[in-house]
Amino acid sequence: MPVPDRKIVERVEELRDQINYHNYRYYVLDDPEISDAQYDRLFDELVALEKAYPELISEDSPTQRVGAAPLEAFETVRHSLPMLSLNKVLSETEFLDFHRRVRELTGAKEEEIMYTVEPKFDGLAVELVYVNGVFAQGSTRGDGIVGEDVTLNLRTVKSIPLRLLGKAAFPLIEVRGEIIMNKEDFEGLNRVREEAGEPIFANPRNAAAGSVRQLDPKITSTRPLGMYAYGIGRIEGKVLTNHWDTLVFLRKIGFKTSQYAALCHSVDQVKAHYEKILGLRNELPYEIDGIVIKVNEFALQEKMGELSRSPRWAVAWKFPAQEEYTRVKDIVVSVGRTGALTPVAILEPIRVGGVEVSRASLHNEDEVKKKDVRIGDTVVVRRAGDVIPEVVKVIVSNRRGDERTFSMPDRCPVCGSKAIRPEGEAIRRCTGIACPAQIKENLAHFVSKGAMDIDGLGPKLLEQMVDKGLIRDQADLYFLKKEDLMKMDRMGDKLAENILQAIDRSRRPSLSSLIYALGIRNVGQHLARVLARRFGSIDNLAKQGIDDLTLVDEIGPIVAESIHGFFRNPVNVKILEKLKRGGVVFPVEETCPRKETALSGRTFVLTGTLEAMTREEARRIIEAMGGRVSSSVSTKTDFVVVGRDPGSKYQRARNLGVRTLEEAEFRKMIGR
Ligand code: IVH
């Protein structure tokens, strides 16, 4: 192993300092100084040096955020100072009561009392311990006394510094704050989970908490988490005298603190700041549920002291609820851009958190069942900023008996195609590739690289072509004329000709590109190649049964069902025909010979009733695996499959010495 010289050691340190600084600009200040590409160059250089000189790798290197192995369970951590909670007030009067107590308990004059006011983040409270400036341990608040050791997970949160900024390395500092997930990221995460058939998170707080309290740090590292610091536990090597300076200090050593914190000199300023933050609530990228008001001077805080679980010197002034009651007038189904059918509750319009709400997502059919939402029900709806309003729960005691249950249609309400829900998935999807709800997305896929690869047809142009009624499906592209294209905004002669040429070039695709272009659900580029190699043509692929498809390596029942369903959808069949009419050549390519199986070339006879499948199904499987099924037993028969109550064929097999297979043995042979 090469020994690093001094120059290398210095360069590594320099890179780490620079990367830490730029992380801070990006994740904490939201104000990057260099481009992503420049950042990547620094990062790559550091990675390369650490690879060449592994002994230089240190725990606090910015390259070391991910990679830890999953844990069996979290260790517990006792907080050196309890992590307190906050008393709540819900109105101005209650806030003024709090202020009166502050005056009484501190004995301070009105003008001597200052408050720091911050948003109350709705996330998960954590404590981060830094020893000599290096992140040493992170824990959840837990019950305030004992929390869980989530160090490895917190290391993956980009706005948590692994090493404090600046050269001052304090022997010890405990930083407290909230882990949050932005509303937009939360919705994105739920979309992905929904697509994957995984349970969705109820709100950004649950998503943040679930991501931190997750045993595999690799999973946490994929979750878009952030942290806002709002306080300090123990600290050595630095004296702070008030909360405002504490926030400034936290920011200086590398933490994100709220940009909406304010130092208020009077109760009126506190009230004004409450109104201001309440007004901002829905625009903020993350959820907040109130403001936190803290007596600013530590000396005054100490005079007031603490109750067992909460300090007397701080209070949370909560915002009005984002939840309201209303009635479900109807449940309709909307079709998204990816063909997902989503049940939507149509509500008696109601103002929630200052905005009128008349629709709420019910996510999917299982959610409707789980919450048992019926048409006519009184429900609680919740709206949280930009988050799509949702039905939280039904007030069952309000039922009158004439409520109607909802069931998900098995056809797409937009185009009438069959909508299928693969086993194990939560989402039902429309299978029509030219469904008006999905056509823009599907067209963009159709023309993309790896698919038909038509240059010049960007998503904007495609969208315009659909909106102007020029194309309604993929095949319409092949009937376009120059004068059609000239009707588009910002279209010139040359561009139109180039596009037509590109369309023309795409008329001779490879089989795998064509299969991929069709946008069959679950068939990506790789599977498209596998299918092309195995079946050789669209016509041959189209006529395969589900069993035949599942026999192909890498194709499970879900994919098989989606391929099979695709070619049995009359709308799709029409488009395939129309593509041919438009001059697209459907290639016929050489296939790879089928793999030899234990059934290849063997003759089977079936007798009796099979438990797991019908005889017809068994026949198809045998044939698909290269065997033959005959109706009578002879010396040429290789196997007789014997079900329940077998007939005379069983006796005949025994007489002729033909090998018999019980159902279980047969199933083993065919691999199911
Ligand atoms: S200060 C003694 N500041 O609220 C002070 N807490 O009910 C206690 N929280 O567990 C914490 N935003 O999770 C403080 N700006 C903020 C906060 C905040 C959210 C949470 C925190 C704590 C809970 C207390």
# chains A, B, ... in the order shown; residues from 1 in each chain; ligands from 1
>>> residues_around(residues="A:His265", least_positions_apart="5", cutoff="9 Å", atoms="only C-alpha atoms", output="PyMOL selection string")
chain A and resi 111-116+270
>>> write_last_selection(atoms="N, CA and C atoms", output="PDB file, in the first residue's frame")
ATOM      1  N   GLU A 111     -40.063  45.841  30.275  1.00  0.00           N
ATOM      2  CA  GLU A 111     -39.115  46.080  29.175  1.00  0.00           C
ATOM      3  C   GLU A 111     -37.846  45.228  29.277  1.00  0.00           C
ATOM      4  N   GLU A 112     -37.701  44.531  30.406  1.00  0.00           N
ATOM      5  CA  GLU A 112     -36.504  43.667  30.532  1.00  0.00           C
ATOM      6  C   GLU A 112     -36.726  42.283  29.929  1.00  0.00           C
ATOM      7  N   ILE A 113     -37.998  41.990  29.610  1.00  0.00           N
ATOM      8  CA  ILE A 113     -38.278  40.628  29.134  1.00  0.00           C
ATOM      9  C   ILE A 113     -38.256  40.578  27.613  1.00  0.00           C
ATOM     10  N   MET A 114     -37.376  39.735  27.107  1.00  0.00           N
ATOM     11  CA  MET A 114     -37.346  39.509  25.658  1.00  0.00           C
ATOM     12  C   MET A 114     -37.634  38.040  25.411  1.00  0.00           C
ATOM     13  N   TYR A 115     -38.268  37.794  24.275  1.00  0.00           N
ATOM     14  CA  TYR A 115     -38.558  36.410  23.895  1.00  0.00           C
ATOM     15  C   TYR A 115     -37.920  36.104  22.550  1.00  0.00           C
ATOM     16  N   THR A 116     -37.387  34.894  22.427  1.00  0.00           N
ATOM     17  CA  THR A 116     -37.044  34.413  21.093  1.00  0.00           C
ATOM     18  C   THR A 116     -38.230  33.579  20.640  1.00  0.00           C
ATOM     19  N   VAL A 270     -44.413  39.660  19.876  1.00  0.00           N
ATOM     20  CA  VAL A 270     -44.646  38.207  19.844  1.00  0.00           C
ATOM     21  C   VAL A 270     -45.938  37.915  19.080  1.00  0.00           C
TER      22      VAL A 270
END
>>> residues_around(residues="A:Asp216", least_positions_apart="4", cutoff="10 Å", atoms="only C-alpha atoms", output="VMD selection string")
chain A and resid 67 to 73 152 to 153 211 to 212 220 to 221
>>> write_last_selection(atoms="N, CA and C atoms", output="mmCIF file, in the first residue's frame")
data_model
loop_
_atom_site.group_PDB
_atom_site.id
_atom_site.type_symbol
_atom_site.label_atom_id
_atom_site.label_comp_id
_atom_site.auth_asym_id
_atom_site.auth_seq_id
_atom_site.Cartn_x
_atom_site.Cartn_y
_atom_site.Cartn_z
ATOM 1 N N GLY A 67 -23.207 3.684 4.282
ATOM 2 C CA GLY A 67 -22.430 2.471 4.150
ATOM 3 C C GLY A 67 -22.489 1.562 5.350
ATOM 4 N N ALA A 68 -22.976 2.075 6.489
ATOM 5 C CA ALA A 68 -23.000 1.222 7.668
ATOM 6 C C ALA A 68 -23.986 0.070 7.489
ATOM 7 N N ALA A 69 -23.660 -1.051 8.109
ATOM 8 C CA ALA A 69 -24.511 -2.242 7.988
ATOM 9 C C ALA A 69 -25.747 -2.101 8.889
ATOM 10 N N PRO A 70 -26.814 -2.825 8.539
ATOM 11 C CA PRO A 70 -28.043 -2.730 9.354
ATOM 12 C C PRO A 70 -27.827 -3.194 10.790
ATOM 13 N N LEU A 71 -28.603 -2.639 11.709
ATOM 14 C CA LEU A 71 -28.515 -3.035 13.119
ATOM 15 C C LEU A 71 -29.596 -4.053 13.444
ATOM 16 N N GLU A 72 -29.381 -4.800 14.517
ATOM 17 C CA GLU A 72 -30.409 -5.729 15.005
ATOM 18 C C GLU A 72 -31.456 -4.955 15.794
ATOM 19 N N ALA A 73 -30.960 -4.025 16.603
ATOM 20 C CA ALA A 73 -31.856 -3.209 17.432
ATOM 21 C C ALA A 73 -31.073 -1.971 17.822
ATOM 22 N N LEU A 152 -25.914 6.120 13.404
ATOM 23 C CA LEU A 152 -25.601 5.735 12.022
ATOM 24 C C LEU A 152 -26.597 6.332 11.044
ATOM 25 N N ASN A 153 -27.849 6.392 11.471
ATOM 26 C CA ASN A 153 -28.867 6.976 10.599
ATOM 27 C C ASN A 153 -28.678 8.480 10.457
ATOM 28 N N SER A 211 -38.177 7.102 9.215
ATOM 29 C CA SER A 211 -36.903 7.009 8.514
ATOM 30 C C SER A 211 -35.729 7.023 9.486
ATOM 31 N N VAL A 212 -35.868 7.761 10.588
ATOM 32 C CA VAL A 212 -34.779 7.823 11.568
ATOM 33 C C VAL A 212 -34.765 6.554 12.419
ATOM 34 N N THR A 220 -32.261 4.742 5.391
ATOM 35 C CA THR A 220 -32.357 6.129 5.859
ATOM 36 C C THR A 220 -31.651 7.065 4.884
ATOM 37 N N SER A 221 -30.517 6.624 4.352
ATOM 38 C CA SER A 221 -29.743 7.520 3.489
ATOM 39 C C SER A 221 -30.503 7.882 2.221
#
>>> closest_atom_pairs(of="chain A", to="ligand 1", cutoff="6 Å", atoms="only C-alpha atoms and all ligand atoms", output="JSON lines")
{"residue": "A:Leu84", "atom": "CA", "partner": "ligand 1", "partner_atom_place_in_ligand_line": "2 (C)", "distance": 4.8}
{"residue": "A:Ser85", "atom": "CA", "partner": "ligand 1", "partner_atom_place_in_ligand_line": "24 (C)", "distance": 3.6}
{"residue": "A:Leu86", "atom": "CA", "partner": "ligand 1", "partner_atom_place_in_ligand_line": "7 (O)", "distance": 3.9}
{"residue": "A:Glu118", "atom": "CA", "partner": "ligand 1", "partner_atom_place_in_ligand_line": "15 (N)", "distance": 5.1}
{"residue": "A:Pro119", "atom": "CA", "partner": "ligand 1", "partner_atom_place_in_ligand_line": "15 (N)", "distance": 5.4}
{"residue": "A:Lys120", "atom": "CA", "partner": "ligand 1", "partner_atom_place_in_ligand_line": "12 (N)", "distance": 3.5}
{"residue": "A:Phe121", "atom": "CA", "partner": "ligand 1", "partner_atom_place_in_ligand_line": "12 (N)", "distance": 3.9}
{"residue": "A:Asp122", "atom": "CA", "partner": "ligand 1", "partner_atom_place_in_ligand_line": "19 (C)", "distance": 5.9}
{"residue": "A:Leu124", "atom": "CA", "partner": "ligand 1", "partner_atom_place_in_ligand_line": "13 (O)", "distance": 5.5}
{"residue": "A:Ala125", "atom": "CA", "partner": "ligand 1", "partner_atom_place_in_ligand_line": "13 (O)", "distance": 4.0}
{"residue": "A:Glu178", "atom": "CA", "partner": "ligand 1", "partner_atom_place_in_ligand_line": "13 (O)", "distance": 5.8}
{"residue": "A:Tyr230", "atom": "CA", "partner": "ligand 1", "partner_atom_place_in_ligand_line": "3 (N)", "distance": 5.2}
{"residue": "A:Val292", "atom": "CA", "partner": "ligand 1", "partner_atom_place_in_ligand_line": "15 (N)", "distance": 5.5}
{"residue": "A:Pro311", "atom": "CA", "partner": "ligand 1", "partner_atom_place_in_ligand_line": "2 (C)", "distance": 5.5}
>>> write_last_selection(atoms="N, CA and C atoms", output="tab-separated table (two decimals), in the first residue's frame")
chain	number	residue	atom	x	y	z
A	84	LEU	N	-36.72	18.19	27.54
A	84	LEU	CA	-38.05	18.54	28.05
A	84	LEU	C	-39.05	18.72	26.92
A	85	SER	N	-40.34	18.70	27.30
A	85	SER	CA	-41.36	19.04	26.32
A	85	SER	C	-41.92	20.41	26.67
A	86	LEU	N	-42.89	20.86	25.92
A	86	LEU	CA	-43.37	22.24	26.09
A	86	LEU	C	-44.82	22.26	26.52
A	118	GLU	N	-39.73	31.08	17.64
A	118	GLU	CA	-39.34	30.25	16.49
A	118	GLU	C	-40.53	29.43	16.05
A	119	PRO	N	-40.51	28.94	14.83
A	119	PRO	CA	-41.55	28.00	14.43
A	119	PRO	C	-41.44	26.73	15.27
A	120	LYS	N	-42.56	26.07	15.50
A	120	LYS	CA	-42.52	24.77	16.15
A	120	LYS	C	-42.56	23.72	15.05
A	121	PHE	N	-41.41	23.10	14.83
A	121	PHE	CA	-41.30	22.11	13.75
A	121	PHE	C	-42.07	20.86	14.11
A	122	ASP	N	-42.72	20.28	13.12
A	122	ASP	CA	-43.47	19.05	13.38
A	122	ASP	C	-42.67	17.87	12.85
A	124	LEU	N	-39.23	15.04	14.44
A	124	LEU	CA	-38.76	14.16	15.49
A	124	LEU	C	-37.58	14.84	16.19
A	125	ALA	N	-37.68	14.96	17.53
A	125	ALA	CA	-36.61	15.65	18.25
A	125	ALA	C	-35.41	14.72	18.43
A	178	GLU	N	-34.71	19.28	15.49
A	178	GLU	CA	-35.81	18.48	14.96
A	178	GLU	C	-35.44	17.94	13.58
A	230	TYR	N	-32.38	23.82	17.42
A	230	TYR	CA	-33.06	24.87	18.18
A	230	TYR	C	-32.60	24.97	19.63
A	292	VAL	N	-42.81	28.50	19.03
A	292	VAL	CA	-42.28	28.27	20.37
A	292	VAL	C	-41.76	29.62	20.88
A	311	PRO	N	-40.20	23.16	30.84
A	311	PRO	CA	-39.68	24.36	31.49
A	311	PRO	C	-40.80	25.37	31.72
>>> residues_around(residues="A:Phe135", least_positions_apart="6", cutoff="7 Å", atoms="only C-alpha atoms", output="NGL selection string")
:A and (129 or 162-163)
>>> closest_residue(among="A:Gly138, A:Pro224, A:Pro204, A:Pro171", to="A:Arg78", atoms="only C-alpha atoms")
A:Gly138
